[in-house]
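Raw coords_1.cif, mmCIF, C-alpha atoms and all ligand atoms:
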```cif
data_target
#
loop_
_atom_site.label_atom_id
_atom_site.label_comp_id
_atom_site.auth_asym_id
_atom_site.auth_seq_id
_atom_site.Cartn_x
_atom_site.Cartn_y
_atom_site.Cartn_z
CA MET A 1 -10.45 24.43 10.42
CA ALA A 2 -12.98 26.11 8.08
CA ASP A 3 -10.20 26.66 5.51
CA ILE A 4 -9.23 23.01 5.49
CA THR A 5 -10.91 20.96 2.77
CA PRO A 6 -10.38 17.34 1.71
CA ASP A 7 -9.55 18.52 -1.85
CA PRO A 8 -5.76 18.01 -1.70
CA ILE A 9 -6.22 14.46 -0.44
CA MET A 10 -8.84 13.62 -3.07
CA ARG A 11 -6.66 15.08 -5.83
CA ILE A 12 -3.86 12.72 -4.83
CA ALA A 13 -6.18 9.75 -4.26
CA MET A 14 -7.76 10.16 -7.69
CA GLY A 15 -4.42 10.71 -9.42
CA PHE A 16 -4.42 7.18 -10.81
CA MET A 17 -7.61 7.97 -12.74
CA ALA A 18 -6.00 10.95 -14.44
CA ALA A 19 -2.98 8.81 -15.33
CA LYS A 20 -5.13 6.01 -16.75
CA HIS A 21 -7.22 8.50 -18.77
CA LEU A 22 -3.98 9.80 -20.30
CA PHE A 23 -2.75 6.28 -21.11
CA VAL A 24 -6.04 5.43 -22.85
CA ALA A 25 -6.28 8.71 -24.80
CA SER A 26 -2.74 8.17 -26.04
CA GLU A 27 -3.34 4.51 -26.90
CA ILE A 28 -6.56 5.13 -28.86
CA GLY A 29 -4.74 7.83 -30.84
CA VAL A 30 -6.55 11.00 -29.70
CA PHE A 31 -3.41 13.20 -29.78
CA GLU A 32 -2.18 11.67 -33.03
CA ASP A 33 -5.58 12.16 -34.68
CA LEU A 34 -5.47 15.85 -33.73
CA ALA A 35 -1.89 16.34 -35.01
CA SER A 36 -3.11 17.70 -38.36
CA GLY A 37 -5.54 20.21 -36.77
CA PRO A 38 -8.72 20.62 -34.71
CA ALA A 39 -11.59 18.15 -35.12
CA THR A 40 -15.08 17.53 -33.78
CA LEU A 41 -15.98 14.48 -31.74
CA ASP A 42 -17.84 13.06 -34.77
CA GLU A 43 -14.73 13.45 -36.94
CA LEU A 44 -12.51 11.90 -34.26
CA ALA A 45 -14.95 9.02 -33.73
CA ALA A 46 -15.05 8.31 -37.47
CA LYS A 47 -11.25 8.35 -37.68
CA SER A 48 -10.62 6.15 -34.65
CA GLU A 49 -13.70 3.93 -34.89
CA ILE A 50 -14.28 4.50 -31.16
CA PRO A 51 -17.93 5.00 -30.05
CA ARG A 52 -18.65 8.75 -29.93
CA ARG A 53 -19.97 8.69 -26.34
CA THR A 54 -16.99 6.95 -24.76
CA LEU A 55 -14.51 8.86 -26.92
CA GLY A 56 -16.15 12.01 -25.49
CA ILE A 57 -15.49 10.78 -21.93
CA SER A 58 -11.81 10.35 -22.81
CA ALA A 59 -11.45 13.62 -24.75
CA ASP A 60 -13.24 15.73 -22.11
CA ALA A 61 -11.06 14.25 -19.36
CA MET A 62 -8.04 15.36 -21.41
CA VAL A 63 -9.53 18.87 -21.70
CA SER A 64 -10.01 19.00 -17.92
CA LEU A 65 -6.36 17.96 -17.46
CA GLY A 66 -5.06 20.57 -19.91
CA LEU A 67 -3.82 18.18 -22.60
CA LEU A 68 -6.60 19.05 -25.06
CA GLU A 69 -8.39 22.35 -25.64
CA ARG A 70 -11.97 22.69 -26.83
CA GLU A 71 -13.53 25.61 -28.69
CA GLY A 72 -17.21 25.12 -29.43
CA ASP A 73 -17.43 21.53 -30.61
CA ARG A 74 -13.83 21.33 -31.89
CA TYR A 75 -10.97 19.74 -29.95
CA ARG A 76 -7.28 20.46 -30.48
CA ASN A 77 -4.01 19.41 -28.85
CA SER A 78 -2.62 21.74 -26.18
CA GLY A 79 0.97 22.90 -26.76
CA VAL A 80 2.51 20.24 -24.54
CA ALA A 81 0.41 17.43 -26.07
CA ALA A 82 1.34 18.60 -29.59
CA ALA A 83 5.03 18.58 -28.63
CA PHE A 84 5.23 15.23 -26.84
CA LEU A 85 2.16 13.08 -27.51
CA ALA A 86 1.09 13.73 -31.09
CA GLY A 87 3.82 11.75 -32.81
CA THR A 88 6.33 14.52 -33.57
CA PRO A 89 9.40 12.53 -34.65
CA GLY A 90 12.23 12.37 -32.11
CA SER A 91 10.34 14.01 -29.26
CA GLY A 92 7.82 11.37 -28.37
CA LEU A 93 6.72 10.47 -24.87
CA ARG A 94 4.40 7.79 -26.17
CA PRO A 95 6.81 4.90 -25.47
CA ALA A 96 7.03 6.20 -21.89
CA ILE A 97 3.24 6.38 -21.62
CA ARG A 98 3.00 2.81 -22.98
CA LEU A 99 5.58 1.52 -20.44
CA LEU A 100 3.77 3.26 -17.59
CA ASP A 101 0.42 1.82 -18.75
CA ARG A 102 1.33 -1.73 -19.70
CA ILE A 103 4.10 -2.60 -17.25
CA CYS A 104 4.25 -0.09 -14.39
CA TYR A 105 0.51 0.38 -13.76
CA PRO A 106 -0.20 -3.34 -13.14
CA THR A 107 3.01 -3.64 -11.10
CA TRP A 108 1.87 -0.90 -8.71
CA MET A 109 -0.92 -3.24 -7.56
CA LYS A 110 1.88 -4.88 -5.56
CA LEU A 111 3.21 -1.74 -3.84
CA GLU A 112 1.58 -2.49 -0.49
CA ASP A 113 2.99 -6.01 -0.53
CA ALA A 114 6.49 -4.75 -1.39
CA VAL A 115 6.38 -2.06 1.31
CA ARG A 116 5.19 -4.59 3.91
CA ARG A 117 7.72 -7.24 2.93
CA GLY A 118 10.66 -4.87 2.49
CA GLU A 119 11.26 -5.98 -1.09
CA GLY A 120 9.53 -6.52 -4.41
CA GLU A 121 9.95 -8.92 -7.31
CA ARG A 122 12.88 -8.65 -9.70
CA HIS A 123 11.80 -8.05 -13.30
CA PHE A 124 15.18 -7.50 -14.99
CA GLY A 125 16.28 -10.50 -17.04
CA ARG A 126 12.75 -11.94 -16.78
CA PHE A 127 10.87 -9.84 -19.32
CA THR A 128 9.31 -11.49 -22.38
CA GLU A 129 10.67 -10.15 -25.66
CA GLU A 130 7.62 -7.88 -26.02
CA GLU A 131 7.91 -6.58 -22.44
CA GLN A 132 11.65 -5.94 -22.89
CA GLN A 133 10.95 -3.87 -26.03
CA LEU A 134 8.27 -1.90 -24.16
CA PHE A 135 10.52 -1.44 -21.12
CA SER A 136 13.69 -0.41 -22.95
CA ALA A 137 11.91 1.96 -25.37
CA GLY A 138 9.88 3.46 -22.50
CA VAL A 139 12.94 4.04 -20.31
CA GLU A 140 14.73 5.65 -23.25
CA ALA A 141 11.80 8.08 -23.65
CA ILE A 142 11.78 8.88 -19.91
CA THR A 143 15.56 9.45 -19.73
CA ALA A 144 15.95 11.19 -23.14
CA GLY A 145 16.31 14.63 -21.53
CA MET A 146 19.06 13.39 -19.20
CA ALA A 147 20.90 11.71 -22.10
CA ALA A 148 20.78 14.85 -24.24
CA SER A 149 21.84 17.17 -21.43
CA LEU A 150 24.73 14.91 -20.36
CA ALA A 151 26.07 15.03 -23.95
CA GLU A 152 25.65 18.83 -24.00
CA ASN A 153 27.00 19.61 -20.53
CA TYR A 154 29.83 17.13 -20.08
CA ASP A 155 33.04 17.31 -22.12
CA PHE A 156 33.45 13.84 -23.62
CA GLY A 157 36.22 15.40 -25.76
CA ARG A 158 38.71 14.41 -23.03
CA HIS A 159 37.89 10.69 -23.51
CA ARG A 160 38.62 8.04 -26.14
CA ARG A 161 36.42 5.10 -25.14
CA VAL A 162 33.26 5.26 -23.08
CA LEU A 163 31.51 2.29 -21.47
CA ASP A 164 27.82 2.45 -20.54
CA VAL A 165 27.00 -0.13 -17.84
CA GLY A 166 23.28 -1.04 -17.81
CA GLY A 167 23.03 1.28 -20.80
CA GLY A 168 19.53 0.28 -21.95
CA THR A 169 19.04 1.00 -25.66
CA GLY A 170 22.37 2.86 -25.92
CA SER A 171 20.61 6.21 -25.96
CA PHE A 172 23.17 7.94 -23.69
CA LEU A 173 25.96 6.72 -25.98
CA ILE A 174 24.16 7.79 -29.16
CA ALA A 175 23.71 11.32 -27.72
CA ALA A 176 27.39 11.55 -26.73
CA LEU A 177 28.75 10.06 -29.97
CA ARG A 178 26.64 12.48 -32.00
CA CYS A 179 28.49 15.39 -30.34
CA TYR A 180 31.95 13.75 -30.36
CA PRO A 181 32.76 12.18 -33.76
CA THR A 182 35.96 10.34 -32.72
CA LEU A 183 34.61 8.84 -29.48
CA GLN A 184 34.23 5.02 -29.41
CA ALA A 185 31.77 3.24 -27.13
CA THR A 186 30.75 -0.03 -25.52
CA LEU A 187 27.30 -0.90 -24.19
CA PHE A 188 27.10 -3.54 -21.43
CA GLU A 189 23.63 -4.92 -20.77
CA LEU A 190 21.65 -8.06 -19.98
CA PRO A 191 21.02 -10.20 -23.10
CA GLY A 192 17.33 -9.27 -23.52
CA ALA A 193 18.12 -5.54 -23.36
CA CYS A 194 21.04 -6.04 -25.78
CA ALA A 195 18.64 -7.46 -28.40
CA VAL A 196 16.58 -4.23 -28.22
CA ALA A 197 19.74 -2.08 -28.21
CA ARG A 198 21.14 -3.78 -31.34
CA ARG A 199 17.90 -3.02 -33.24
CA ARG A 200 17.92 0.56 -31.93
CA LEU A 201 21.61 1.17 -32.71
CA ALA A 202 21.12 -0.16 -36.25
CA THR A 203 18.86 2.86 -36.92
CA GLU A 204 21.57 5.40 -35.98
CA ARG A 205 24.74 6.43 -37.84
CA GLU A 206 26.59 6.42 -34.49
CA GLY A 207 25.56 2.80 -33.94
CA THR A 208 28.61 1.56 -35.88
CA ARG A 209 30.85 3.05 -33.15
CA VAL A 210 29.13 1.09 -30.35
CA ALA A 211 30.23 -2.45 -29.40
CA VAL A 212 27.40 -4.30 -27.64
CA VAL A 213 28.52 -6.71 -24.90
CA GLU A 214 26.00 -9.02 -23.24
CA GLY A 215 26.42 -9.82 -19.59
CA ASP A 216 25.29 -9.57 -15.98
CA PHE A 217 27.49 -7.13 -14.07
CA PHE A 218 27.37 -9.39 -11.00
CA LYS A 219 28.40 -12.56 -12.83
CA ASP A 220 30.33 -11.61 -15.96
CA PRO A 221 33.50 -9.57 -16.42
CA LEU A 222 33.02 -5.95 -17.48
CA PRO A 223 34.84 -4.84 -20.64
CA ASP A 224 38.26 -3.25 -19.95
CA GLY A 225 40.04 -0.31 -21.59
CA HIS A 226 37.58 2.54 -21.13
CA ASP A 227 38.52 5.98 -19.79
CA ALA A 228 34.92 7.00 -19.06
CA ILE A 229 32.15 4.87 -17.60
CA ILE A 230 28.49 5.89 -17.55
CA VAL A 231 26.13 4.27 -15.06
CA ALA A 232 22.77 5.89 -15.75
CA ASN A 233 19.59 5.14 -13.85
CA THR A 234 20.99 1.84 -12.70
CA ALA A 235 21.96 2.74 -9.11
CA HIS A 236 18.23 3.05 -8.41
CA VAL A 237 17.55 -0.55 -9.43
CA LEU A 238 20.07 -1.88 -6.90
CA SER A 239 20.24 -2.24 -3.11
CA VAL A 240 22.96 -0.33 -1.22
CA ALA A 241 25.08 -3.49 -0.97
CA ASN A 242 24.74 -4.17 -4.69
CA ASN A 243 25.59 -0.56 -5.56
CA MET A 244 28.79 -0.89 -3.55
CA GLY A 245 29.51 -4.20 -5.28
CA LEU A 246 28.94 -2.69 -8.73
CA LEU A 247 31.11 0.37 -8.03
CA LYS A 248 33.90 -1.88 -6.74
CA ASN A 249 33.59 -4.10 -9.81
CA ILE A 250 33.74 -1.12 -12.19
CA ARG A 251 36.71 0.29 -10.26
CA SER A 252 38.60 -3.00 -10.70
CA HIS A 253 38.21 -2.66 -14.50
CA ALA A 254 39.16 1.04 -14.63
CA ALA A 255 42.64 2.61 -14.64
CA VAL A 256 43.55 5.33 -12.13
CA GLY A 257 42.09 8.61 -13.41
CA ALA A 258 39.23 6.94 -15.31
CA ARG A 259 36.06 8.98 -15.08
CA LEU A 260 32.78 7.73 -13.63
CA LEU A 261 29.51 9.43 -14.58
CA LEU A 262 26.73 8.36 -12.21
CA VAL A 263 23.47 9.67 -13.62
CA ASP A 264 20.35 9.26 -11.52
CA TRP A 265 17.40 10.93 -9.81
CA TRP A 266 19.73 11.91 -6.94
CA MET A 267 17.76 13.34 -4.04
CA ASP A 268 18.72 15.88 -1.39
CA ALA A 269 19.63 14.74 2.12
CA THR A 270 15.96 14.86 3.23
CA ARG A 271 15.09 12.28 0.53
CA THR A 272 12.03 14.33 -0.44
CA GLN A 273 13.40 16.56 -3.22
CA PRO A 274 13.00 16.62 -6.14
CA PRO A 275 9.41 15.42 -5.50
CA ALA A 276 9.30 13.30 -8.70
CA ALA A 277 12.30 11.33 -7.41
CA ALA A 278 10.54 10.56 -4.12
CA ILE A 279 7.45 9.29 -5.99
CA MET A 280 9.55 7.25 -8.45
CA SER A 281 11.22 5.47 -5.55
CA GLY A 282 8.18 3.15 -5.41
CA GLU A 283 8.54 2.39 -9.11
CA PHE A 284 12.23 1.55 -8.72
CA LEU A 285 11.48 -0.76 -5.77
CA LEU A 286 8.72 -2.54 -7.69
CA MET A 287 10.60 -2.98 -10.96
CA SER A 288 13.85 -4.24 -9.46
CA GLY A 289 12.67 -5.78 -6.20
CA GLU A 290 15.52 -4.13 -4.27
CA GLY A 291 16.08 -0.57 -5.51
CA GLN A 292 14.86 2.91 -4.64
CA THR A 293 15.89 6.52 -5.24
CA TYR A 294 19.01 7.47 -3.29
CA SER A 295 20.41 10.77 -2.06
CA GLU A 296 23.61 12.39 -3.26
CA ASP A 297 25.04 11.95 0.28
CA GLU A 298 24.54 8.21 0.11
CA ALA A 299 26.27 7.97 -3.27
CA ASP A 300 29.17 10.08 -1.92
CA GLY A 301 29.69 7.49 0.83
CA TRP A 302 29.68 4.56 -1.63
CA LEU A 303 32.22 6.31 -3.87
CA THR A 304 34.66 6.95 -1.03
CA GLU A 305 34.47 3.32 0.08
CA THR A 306 34.90 1.81 -3.39
CA GLY A 307 37.95 3.65 -4.73
CA TRP A 308 36.47 6.76 -6.34
CA ARG A 309 36.98 10.48 -5.63
CA LYS A 310 33.92 12.64 -6.21
CA ILE A 311 34.54 15.78 -8.28
CA GLU A 312 31.07 17.35 -8.40
CA ARG A 313 27.36 16.86 -9.06
CA ARG A 314 25.86 18.62 -12.08
CA GLN A 315 22.16 19.13 -12.71
CA LEU A 316 20.83 17.63 -15.94
CA ALA A 317 17.41 18.03 -17.55
CA GLY A 318 14.36 17.43 -15.35
CA PRO A 319 14.95 15.64 -12.04
CA GLY A 320 18.20 14.00 -13.21
CA SER A 321 21.75 14.90 -12.26
CA VAL A 322 25.21 13.43 -12.75
CA ILE A 323 27.75 12.72 -10.03
CA ILE A 324 31.22 12.91 -11.55
CA ALA A 325 34.06 10.95 -9.93
CA ASP A 326 37.59 9.76 -10.77
CA ALA A 327 39.20 6.39 -10.05
CA VAL A 328 41.90 6.78 -7.36
C1 LIG A 401 16.34 1.88 -15.51
S1 LIG A 401 17.26 1.08 -16.74
C2 LIG A 401 18.39 2.37 -17.28
C3 LIG A 401 18.76 2.27 -18.74
C4 LIG A 401 19.65 3.41 -19.26
N1 LIG A 401 20.91 3.46 -18.57
C5 LIG A 401 18.95 4.74 -19.14
O1 LIG A 401 19.27 5.52 -18.23
O2 LIG A 401 18.08 5.03 -19.97
C6 LIG A 401 18.37 0.02 -15.81
C7 LIG A 401 19.11 -0.93 -16.73
O3 LIG A 401 20.00 -1.75 -15.96
C8 LIG A 401 20.06 -3.01 -16.58
N2 LIG A 401 20.50 -4.01 -15.60
C9 LIG A 401 19.88 -4.36 -14.44
N3 LIG A 401 20.55 -5.33 -13.81
C10 LIG A 401 21.64 -5.62 -14.58
C11 LIG A 401 22.72 -6.54 -14.46
N4 LIG A 401 22.79 -7.36 -13.41
N5 LIG A 401 23.68 -6.55 -15.42
C12 LIG A 401 23.58 -5.70 -16.50
N6 LIG A 401 22.58 -4.79 -16.66
C13 LIG A 401 21.61 -4.76 -15.72
C14 LIG A 401 18.63 -3.27 -17.04
O4 LIG A 401 18.55 -4.23 -18.06
C15 LIG A 401 18.18 -1.88 -17.46
O5 LIG A 401 18.26 -1.67 -18.87
#
```

What do you get writing this file as structure tokens?
Amino acid sequence: MADITPDPIMRIAMGFMAAKHLFVASEIGVFEDLASGPATLDELAAKSEIPRRTLGISADAMVSLGLLEREGDRYRNSGVAAAFLAGTPGSGLRPAIRLLDRICYPTWMKLEDAVRRGEGERHFGRFTEEEQQLFSAGVEAITAGMAASLAENYDFGRHRRVLDVGGGTGSFLIAALRCYPTLQATLFELPGACAVARRRLATEREGTRVAVVEGDFFKDPLPDGHDAIIVANTAHVLSVANNMGLLKNIRSHAAVGARLLLVDWWMDATRTQPPAAAIMSGEFLLMSGEGQTYSEDEADGWLTETGWRKIERRQLAGPGSVIIADAV
């Protein structure tokens, strides 16, 4: 008993404070202001026009969490902050931090209600234009590692046309098209997400090879004529019944032999690993009203019942993996 302390519980219970400190430090530009080199609190306060005392509270919290380092009176970004938070082009986590702060954080106030009721509120299709931009850009930042590693680890060279269902900004397609110059693509998304995707695709050379089709996959027909279909991080926004419905719908628009790439935070059979997937389950429930993180076993069952034959599951970057299946 003497060895047992309340510390692990308090660390978890106070976790939201660490997260909020990070959101604020990122938003007031602490990491960006240190991108060009170390600075004192006075220099940072002058640059950001934030009162020195409260900027110090924020900066010292970041030192305690390992995102800043301090030598004497000078602060500098730690390696990980320099790589992902300081504005390095193409590697930014700041859109993810902004999504977590502005949309997810307030939504988590409703977790108890959702757990008690057995469902949350649906947000998809109901975002304002500003929220949709924040959401789509944030999700792209969170799933960037999965998108890059799918393009690197899966041979799209065997396909001609790839469809991404619930494809967000088109980031998975951009990554694949970059590696495969003759591949053509279609993005299927809700209208609000399509508006963000069109702006995003216009900034990429590969964007000219992506047709953007607006629709709701439960109400509108999916585009035909694709020999590979990506469904990334969309199973977790749907209930089991709706996942089965979506897989059946996709199967009815795919020829025998068409390839399905189901990317998600697939968990092991205990539904506790990887740990990040178990934590994110709450986020998926809250954002969609009906979703959660699922296990690979569960997905295997859906595939068998909806006309697909599983080939394998491959690990992608971070907690993501892809279940590969063929239409039978
Ligand atoms: C978590 S995001 C994943 C985005 C992208 N695939 C990725 O991995 O980065 C889930 C996406 O599914 C889309 N979605 C949800 N319900 C949909 C529906 N009924 N029809 C079409 N798209 C839908 C949302 O708009 C959202 O962009």

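When the distance limit is 7 Å and all atoms listed in the file are what count, the residues near A:Ser136, minus those fewer than 2 positions from it on the same chain, are Gln132, Gln133, Leu134, Gly138, Val139, Glu140, Gly168, Thr169 and Ala193 of chain A.
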
Go ahead and save the residues from that selection, with C-alpha atoms, as a PDB file, keeping the file's coordinate frame.
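The new file result_34.pdb reads:
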```pdb
ATOM      1  CA  GLN A 132      11.650  -5.940 -22.890  1.00  0.00           C
ATOM      2  CA  GLN A 133      10.950  -3.870 -26.030  1.00  0.00           C
ATOM      3  CA  LEU A 134       8.270  -1.900 -24.160  1.00  0.00           C
ATOM      4  CA  GLY A 138       9.880   3.460 -22.500  1.00  0.00           C
ATOM      5  CA  VAL A 139      12.940   4.040 -20.310  1.00  0.00           C
ATOM      6  CA  GLU A 140      14.730   5.650 -23.250  1.00  0.00           C
ATOM      7  CA  GLY A 168      19.530   0.280 -21.950  1.00  0.00           C
ATOM      8  CA  THR A 169      19.040   1.000 -25.660  1.00  0.00           C
ATOM      9  CA  ALA A 193      18.120  -5.540 -23.360  1.00  0.00           C
TER      10      ALA A 193
END
```

Just need the box for ligand LIG 401 (chain A), edges along x, y and z, holding every atom the file lists for it with 6 Å tacked onto each side, so centre and edge lengths in Å to one decimal, as lines of an AutoDock Vina configuration file.
```
center_x = 20.0
center_y = -0.9
center_z = -16.7
size_x = 19.3
size_y = 24.9
size_z = 18.6
```

Residues of chain A within 6 Å of ligand LIG 401 (chain A): nearest atom pair and distance (Å, one decimal) for each, counting only C-alpha atoms and all ligand atoms, sorted by chain and number, as CSV?
```
residue,atom,partner,partner_atom,distance
A:Phe124,CA,A:LIG401,O4,5.6
A:Val139,CA,A:LIG401,O2,5.2
A:Glu140,CA,A:LIG401,O2,4.7
A:Thr143,CA,A:LIG401,O2,5.1
A:Gly166,CA,A:LIG401,O3,3.8
A:Gly167,CA,A:LIG401,N1,3.8
A:Gly168,CA,A:LIG401,C3,3.9
A:Glu189,CA,A:LIG401,N6,4.2
A:Leu190,CA,A:LIG401,C12,4.6
A:Ala193,CA,A:LIG401,O4,5.5
A:Gly215,CA,A:LIG401,C12,5.9
A:Asp216,CA,A:LIG401,N5,3.5
A:Phe217,CA,A:LIG401,N5,4.1
A:Phe218,CA,A:LIG401,N4,5.6
A:Ala232,CA,A:LIG401,N1,4.2
A:Asn233,CA,A:LIG401,O1,4.4
A:Thr234,CA,A:LIG401,C6,4.5
```

Write out as a PDB file with C-alpha atoms, in the frame of the given file which residues come within 8 Å of A:Ala81 when counting only C-alpha atoms, dropping same-chain ones fewer than 3 positions away.
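Written file, around_30.pdb:
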```
ATOM      1  CA  PHE A  31      -3.410  13.200 -29.780  1.00  0.00           C
ATOM      2  CA  LEU A  67      -3.820  18.180 -22.600  1.00  0.00           C
ATOM      3  CA  LEU A  68      -6.600  19.050 -25.060  1.00  0.00           C
ATOM      4  CA  ASN A  77      -4.010  19.410 -28.850  1.00  0.00           C
ATOM      5  CA  SER A  78      -2.620  21.740 -26.180  1.00  0.00           C
ATOM      6  CA  PHE A  84       5.230  15.230 -26.840  1.00  0.00           C
ATOM      7  CA  LEU A  85       2.160  13.080 -27.510  1.00  0.00           C
ATOM      8  CA  ALA A  86       1.090  13.730 -31.090  1.00  0.00           C
TER       9      ALA A  86
END
```

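Between atom CA of A:Met109 and atom CA of A:His21 there is a distance of 17.4 Å.
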
**Distance query stretch 300-313 of chain A at most 10 Å, all atoms listed in the file, self and fewer than 4 positions along chain excluded, as a ChimeraX atom specification** = /A:240-241,243-252,256-263,266,295-296,321-328

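Of the listed residues A:Glu27, A:Asp264, A:Asp113, A:Glu283, the one whose atoms come nearest to A:Ala299 is A:Asp264, with distances taken using all atoms listed in the file.
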
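In this model, the gap between atom CA of A:Leu183 and atom CA of A:Gly157 comes to 7.7 Å.
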
**Prompt:** For A:His253, which residue out of A:Gly92, A:Pro51, A:Gly225, A:Gly282 is the nearest one, using only C-alpha atoms?
**Reply:** A:Gly225

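The gap separating atom CA of A:Leu238 from atom CA of A:Ala114 is 14.9 Å, in Å to one decimal.
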
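Near A:Ala18, within a cut-off of 9 Å and counting only C-alpha atoms, sit the residues Met14, Gly15, His21, Leu22, Phe23, Ala61, Met62 and Leu65 of chain A, with same-chain residues fewer than 3 positions away left out.
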
**Request:** Up to 6 Å from (12.2, 2.6, -6.0) in the file's coordinates: name the residues, counting only C-alpha atoms, as a VMD selection string.
**Result:** chain A and resid 280 to 285 291 to 293
